[in-house]
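Q: You'll find my_file_14.pdb just under this line, and it carries PDB, C-alpha atoms.
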```
MODEL        1
ATOM      1  CA  THR U   1       6.519 -36.779 -12.533  1.00  0.00           C
ATOM      2  CA  SER U   2       6.240 -33.600 -10.489  1.00  0.00           C
ATOM      3  CA  THR U   3       3.265 -31.709  -9.113  1.00  0.00           C
ATOM      4  CA  GLY U   4       5.344 -28.507  -9.102  1.00  0.00           C
ATOM      5  CA  TYR U   5       5.180 -28.231  -5.302  1.00  0.00           C
ATOM      6  CA  SER U   6       8.620 -28.999  -3.859  1.00  0.00           C
ATOM      7  CA  VAL U   7       9.899 -29.216  -0.308  1.00  0.00           C
ATOM      8  CA  MET U   8      12.878 -26.879   0.100  1.00  0.00           C
ATOM      9  CA  LYS U   9      15.279 -26.016   2.901  1.00  0.00           C
ATOM     10  CA  ILE U  10      15.847 -22.381   3.866  1.00  0.00           C
ATOM     11  CA  THR U  11      19.590 -21.747   3.632  1.00  0.00           C
ATOM     12  CA  LYS U  12      19.659 -17.992   4.197  1.00  0.00           C
ATOM     13  CA  LEU U  13      17.355 -15.149   5.240  1.00  0.00           C
ATOM     14  CA  GLU U  14      18.227 -11.541   4.463  1.00  0.00           C
ATOM     15  CA  GLU U  15      16.405  -8.275   5.087  1.00  0.00           C
ATOM     16  CA  HIS U  16      14.787  -6.918   1.948  1.00  0.00           C
ATOM     17  CA  PRO U  17      16.430  -3.569   1.075  1.00  0.00           C
ATOM     18  CA  LEU U  18      13.187  -2.006  -0.222  1.00  0.00           C
ATOM     19  CA  ASP U  19      10.497  -3.675   1.921  1.00  0.00           C
ATOM     20  CA  GLU U  20      10.975  -3.709   5.694  1.00  0.00           C
ATOM     21  CA  LYS U  21       8.307  -6.406   6.208  1.00  0.00           C
ATOM     22  CA  ALA U  22       9.833  -8.844   3.693  1.00  0.00           C
ATOM     23  CA  HIS U  23      12.827 -11.174   3.596  1.00  0.00           C
ATOM     24  CA  ILE U  24      14.944 -12.393   0.726  1.00  0.00           C
ATOM     25  CA  VAL U  25      14.885 -16.158   1.157  1.00  0.00           C
ATOM     26  CA  SER U  26      17.570 -18.476  -0.267  1.00  0.00           C
ATOM     27  CA  LEU U  27      16.464 -22.101  -0.658  1.00  0.00           C
ATOM     28  CA  LYS U  28      17.937 -25.497  -1.520  1.00  0.00           C
ATOM     29  CA  CYS U  29      15.973 -28.254  -3.228  1.00  0.00           C
ATOM     30  CA  GLY U  30      18.181 -31.287  -3.775  1.00  0.00           C
ATOM     31  CA  ASP U  31      21.172 -29.859  -5.655  1.00  0.00           C
ATOM     32  CA  GLN U  32      19.260 -26.823  -6.992  1.00  0.00           C
ATOM     33  CA  SER U  33      19.289 -23.356  -5.421  1.00  0.00           C
ATOM     34  CA  TYR U  34      16.434 -20.868  -5.543  1.00  0.00           C
ATOM     35  CA  GLN U  35      15.621 -17.405  -4.263  1.00  0.00           C
ATOM     36  CA  THR U  36      12.348 -15.719  -3.419  1.00  0.00           C
ATOM     37  CA  VAL U  37      10.828 -12.885  -1.412  1.00  0.00           C
ATOM     38  CA  SER U  38       8.424 -13.556   1.447  1.00  0.00           C
ATOM     39  CA  ARG U  39       6.548 -11.665   4.144  1.00  0.00           C
ATOM     40  CA  TYR U  40       5.869 -14.814   6.207  1.00  0.00           C
ATOM     41  CA  GLN U  41       7.160 -14.265   9.757  1.00  0.00           C
ATOM     42  CA  ASN U  42       7.739 -17.922  10.717  1.00  0.00           C
ATOM     43  CA  LEU U  43      10.750 -18.485   8.450  1.00  0.00           C
ATOM     44  CA  GLU U  44      14.058 -19.684   9.925  1.00  0.00           C
ATOM     45  CA  GLU U  45      17.296 -20.921   8.393  1.00  0.00           C
ATOM     46  CA  GLY U  46      17.303 -24.725   8.291  1.00  0.00           C
ATOM     47  CA  LYS U  47      13.491 -25.071   8.258  1.00  0.00           C
ATOM     48  CA  LEU U  48      11.708 -26.866   5.440  1.00  0.00           C
ATOM     49  CA  VAL U  49       8.996 -25.072   3.465  1.00  0.00           C
ATOM     50  CA  VAL U  50       6.863 -25.871   0.421  1.00  0.00           C
ATOM     51  CA  ALA U  51       7.358 -23.798  -2.723  1.00  0.00           C
ATOM     52  CA  ILE U  52       5.699 -23.793  -6.118  1.00  0.00           C
ATOM     53  CA  LEU U  53       8.029 -24.012  -9.116  1.00  0.00           C
ATOM     54  CA  ASP U  54       8.054 -21.921 -12.288  1.00  0.00           C
ATOM     55  CA  GLY U  55       5.352 -22.952 -14.747  1.00  0.00           C
ATOM     56  CA  SER U  56       3.278 -24.878 -12.179  1.00  0.00           C
ATOM     57  CA  ILE U  57      -0.475 -24.459 -11.886  1.00  0.00           C
ATOM     58  CA  LYS U  58      -1.822 -23.162  -8.580  1.00  0.00           C
ATOM     59  CA  PHE U  59      -5.091 -24.267  -6.978  1.00  0.00           C
ATOM     60  CA  ASP U  60      -6.805 -21.068  -8.137  1.00  0.00           C
ATOM     61  CA  GLY U  61      -6.064 -22.053 -11.744  1.00  0.00           C
ATOM     62  CA  THR U  62      -3.345 -19.454 -12.360  1.00  0.00           C
ATOM     63  CA  THR U  63       0.198 -20.391 -13.324  1.00  0.00           C
ATOM     64  CA  PHE U  64       3.196 -19.285 -11.263  1.00  0.00           C
ATOM     65  CA  HIS U  65       5.966 -17.712 -13.333  1.00  0.00           C
ATOM     66  CA  LYS U  66       9.333 -16.696 -11.959  1.00  0.00           C
ATOM     67  CA  SER U  67      10.012 -12.984 -12.111  1.00  0.00           C
ATOM     68  CA  ILE U  68      12.163 -10.147 -10.857  1.00  0.00           C
ATOM     69  CA  GLN U  69      10.513  -7.898  -8.254  1.00  0.00           C
ATOM     70  CA  LYS U  70      12.289  -4.770  -7.008  1.00  0.00           C
ATOM     71  CA  ASN U  71      15.597  -6.124  -8.429  1.00  0.00           C
ATOM     72  CA  ILE U  72      15.230  -9.456  -6.559  1.00  0.00           C
ATOM     73  CA  ASN U  73      14.871 -12.793  -8.377  1.00  0.00           C
ATOM     74  CA  VAL U  74      11.651 -14.584  -7.446  1.00  0.00           C
ATOM     75  CA  ASP U  75      12.354 -18.126  -8.680  1.00  0.00           C
ATOM     76  CA  VAL U  76       9.666 -19.856  -6.559  1.00  0.00           C
ATOM     77  CA  GLU U  77       6.750 -18.859  -4.334  1.00  0.00           C
ATOM     78  CA  LEU U  78       6.408 -20.095  -0.759  1.00  0.00           C
ATOM     79  CA  CYS U  79       3.073 -21.669   0.144  1.00  0.00           C
ATOM     80  CA  CYS U  80       0.860 -21.358   3.203  1.00  0.00           C
ATOM     81  CA  GLY U  81      -1.368 -24.157   4.455  1.00  0.00           C
ATOM     82  CA  LYS U  82      -4.458 -22.602   2.880  1.00  0.00           C
ATOM     83  CA  GLU U  83      -2.823 -22.552  -0.581  1.00  0.00           C
ATOM     84  CA  LEU U  84      -1.870 -26.224  -0.146  1.00  0.00           C
ATOM     85  CA  ARG U  85      -5.391 -27.106   1.059  1.00  0.00           C
ATOM     86  CA  VAL U  86      -4.031 -28.684   4.285  1.00  0.00           C
ATOM     87  CA  ASN U  87      -5.427 -26.102   6.771  1.00  0.00           C
ATOM     88  CA  ASP U  88      -6.847 -22.568   6.881  1.00  0.00           C
ATOM     89  CA  GLU U  89      -3.591 -20.809   7.857  1.00  0.00           C
ATOM     90  CA  PHE U  90      -2.651 -18.052   5.433  1.00  0.00           C
ATOM     91  CA  ARG U  91      -0.388 -15.798   7.527  1.00  0.00           C
ATOM     92  CA  GLU U  92       2.520 -18.252   7.827  1.00  0.00           C
ATOM     93  CA  ALA U  93       4.500 -20.502   5.516  1.00  0.00           C
ATOM     94  CA  PHE U  94       3.498 -24.158   5.804  1.00  0.00           C
ATOM     95  CA  ILE U  95       6.229 -26.183   7.553  1.00  0.00           C
ATOM     96  CA  PRO U  96       5.973 -29.837   6.414  1.00  0.00           C
ATOM     97  CA  GLU U  97       7.003 -32.721   8.680  1.00  0.00           C
ATOM     98  CA  GLY U  98       8.385 -36.078   7.520  1.00  0.00           C
ATOM     99  CA  TYR U  99       9.869 -34.680   4.295  1.00  0.00           C
ATOM    100  CA  ASN U 100      13.376 -34.006   2.985  1.00  0.00           C
ATOM    101  CA  ASP U 101      14.437 -31.124   0.762  1.00  0.00           C
ATOM    102  CA  GLY U 102      13.817 -32.135  -2.823  1.00  0.00           C
ATOM    103  CA  ASP U 103      10.681 -34.189  -2.060  1.00  0.00           C
ATOM    104  CA  ASP U 104       7.522 -33.503  -4.041  1.00  0.00           C
ATOM    105  CA  PHE U 105       4.999 -32.330  -1.436  1.00  0.00           C
ATOM    106  CA  PHE U 106       1.954 -34.060  -2.929  1.00  0.00           C
ATOM    107  CA  LEU U 107       3.711 -37.289  -3.889  1.00  0.00           C
ATOM    108  CA  GLY U 108       4.861 -37.803  -0.322  1.00  0.00           C
ATOM    109  CA  GLY U 109       7.862 -37.770   1.936  1.00  0.00           C
ATOM    110  CA  ASN U 110       9.361 -40.633   3.925  1.00  0.00           C
TER     111      ASN U 110
ENDMDL
END
```
Now that the file is in, can you turn its structure into C-alpha cells?

A:
Amino acid sequence: TSTGYSVMKITKLEEHPLDEKAHIVSLKCGDQSYQTVSRYQNLEEGKLVVAILDGSIKFDGTTFHKSIQKNINVDVELCCGKELRVNDEFREAFIPEGYNDGDDFFLGGN
C-alpha cells in the first residue's frame, strides 16, 4: 500500500537552463531514480524531501501526472509543509526527520 507521497534523497542539483530561479533536481527513492524541477531555495544534495508520485491524488483533489516541462522530465513533484498539511510553510520544500529514502511519508518512518 502506498499513499503516493514518498521520502526521497536529493542526489544532484543543477541550474535550470531556461529558468534562473529553478533547479533540476535528481532524486533517489530506494532503488528508483527520479527527476523534477523546483523553485524551492532550501534544497541541498543529500537532504531528504517528500515528493508526490505519478498518478497520486493531491489534497486539493487533483491528480499529479508526470510531464515534460521546457524539455525537462518532471517525474515527481516536491511538497511543502502546507501541501502535506503539517505546517503553513509554502515557500520551502518540507524536510522530514526520522525517515529514510523510500519510506512512505504518511505511513511513517523509523

Q: Skipping near chain neighbours, those fewer than 6 positions away, what residues fall within 12 Å of Asp19 (chain U) using only C-alpha atoms, listed as a PyMOL selection string?

A: chain U and resi 37-39+69-72

Q: Give as a PDB file with C-alpha atoms, keeping the file's coordinate frame the residues that the PyMOL selection byres ((chain U and resi 62-67) around 12) matches when applied to the coordinates above.

A:
```
ATOM      1  CA  GLY U   4       5.344 -28.507  -9.102  1.00  0.00           C
ATOM      2  CA  TYR U   5       5.180 -28.231  -5.302  1.00  0.00           C
ATOM      3  CA  TYR U  34      16.434 -20.868  -5.543  1.00  0.00           C
ATOM      4  CA  GLN U  35      15.621 -17.405  -4.263  1.00  0.00           C
ATOM      5  CA  THR U  36      12.348 -15.719  -3.419  1.00  0.00           C
ATOM      6  CA  VAL U  37      10.828 -12.885  -1.412  1.00  0.00           C
ATOM      7  CA  ALA U  51       7.358 -23.798  -2.723  1.00  0.00           C
ATOM      8  CA  ILE U  52       5.699 -23.793  -6.118  1.00  0.00           C
ATOM      9  CA  LEU U  53       8.029 -24.012  -9.116  1.00  0.00           C
ATOM     10  CA  ASP U  54       8.054 -21.921 -12.288  1.00  0.00           C
ATOM     11  CA  GLY U  55       5.352 -22.952 -14.747  1.00  0.00           C
ATOM     12  CA  SER U  56       3.278 -24.878 -12.179  1.00  0.00           C
ATOM     13  CA  ILE U  57      -0.475 -24.459 -11.886  1.00  0.00           C
ATOM     14  CA  LYS U  58      -1.822 -23.162  -8.580  1.00  0.00           C
ATOM     15  CA  PHE U  59      -5.091 -24.267  -6.978  1.00  0.00           C
ATOM     16  CA  ASP U  60      -6.805 -21.068  -8.137  1.00  0.00           C
ATOM     17  CA  GLY U  61      -6.064 -22.053 -11.744  1.00  0.00           C
ATOM     18  CA  ILE U  68      12.163 -10.147 -10.857  1.00  0.00           C
ATOM     19  CA  GLN U  69      10.513  -7.898  -8.254  1.00  0.00           C
ATOM     20  CA  LYS U  70      12.289  -4.770  -7.008  1.00  0.00           C
ATOM     21  CA  ASN U  71      15.597  -6.124  -8.429  1.00  0.00           C
ATOM     22  CA  ILE U  72      15.230  -9.456  -6.559  1.00  0.00           C
ATOM     23  CA  ASN U  73      14.871 -12.793  -8.377  1.00  0.00           C
ATOM     24  CA  VAL U  74      11.651 -14.584  -7.446  1.00  0.00           C
ATOM     25  CA  ASP U  75      12.354 -18.126  -8.680  1.00  0.00           C
ATOM     26  CA  VAL U  76       9.666 -19.856  -6.559  1.00  0.00           C
ATOM     27  CA  GLU U  77       6.750 -18.859  -4.334  1.00  0.00           C
ATOM     28  CA  LEU U  78       6.408 -20.095  -0.759  1.00  0.00           C
ATOM     29  CA  CYS U  79       3.073 -21.669   0.144  1.00  0.00           C
TER      30      CYS U  79
END
```

Q: Using only C-alpha atoms, can you tell me which of U:Leu43, U:Leu48, U:Val7, U:Ala93 comes closest to Gly81 (chain U)?

A: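 Going through U:Leu43, U:Leu48, U:Val7, U:Ala93 one by one, the smallest distance to Gly81 (chain U) is for U:Ala93.
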
Q: Could you list, as JSON, numbers by chain, every residue within 9 Å of Gln41 (chain U), counting only C-alpha atoms and ignoring same-chain residues fewer than 4 positions away?

A: {"U": [21, 22, 23, 91, 92, 93]}

Q: So the first atom is CA of Asn87 (chain U) and the second is CA of Gly30 (chain U); what is the distance between them in Å, to one decimal place?

A: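 Value for the CA of Asn87 (chain U)-CA of Gly30 (chain U) distance: 26.4 Å.
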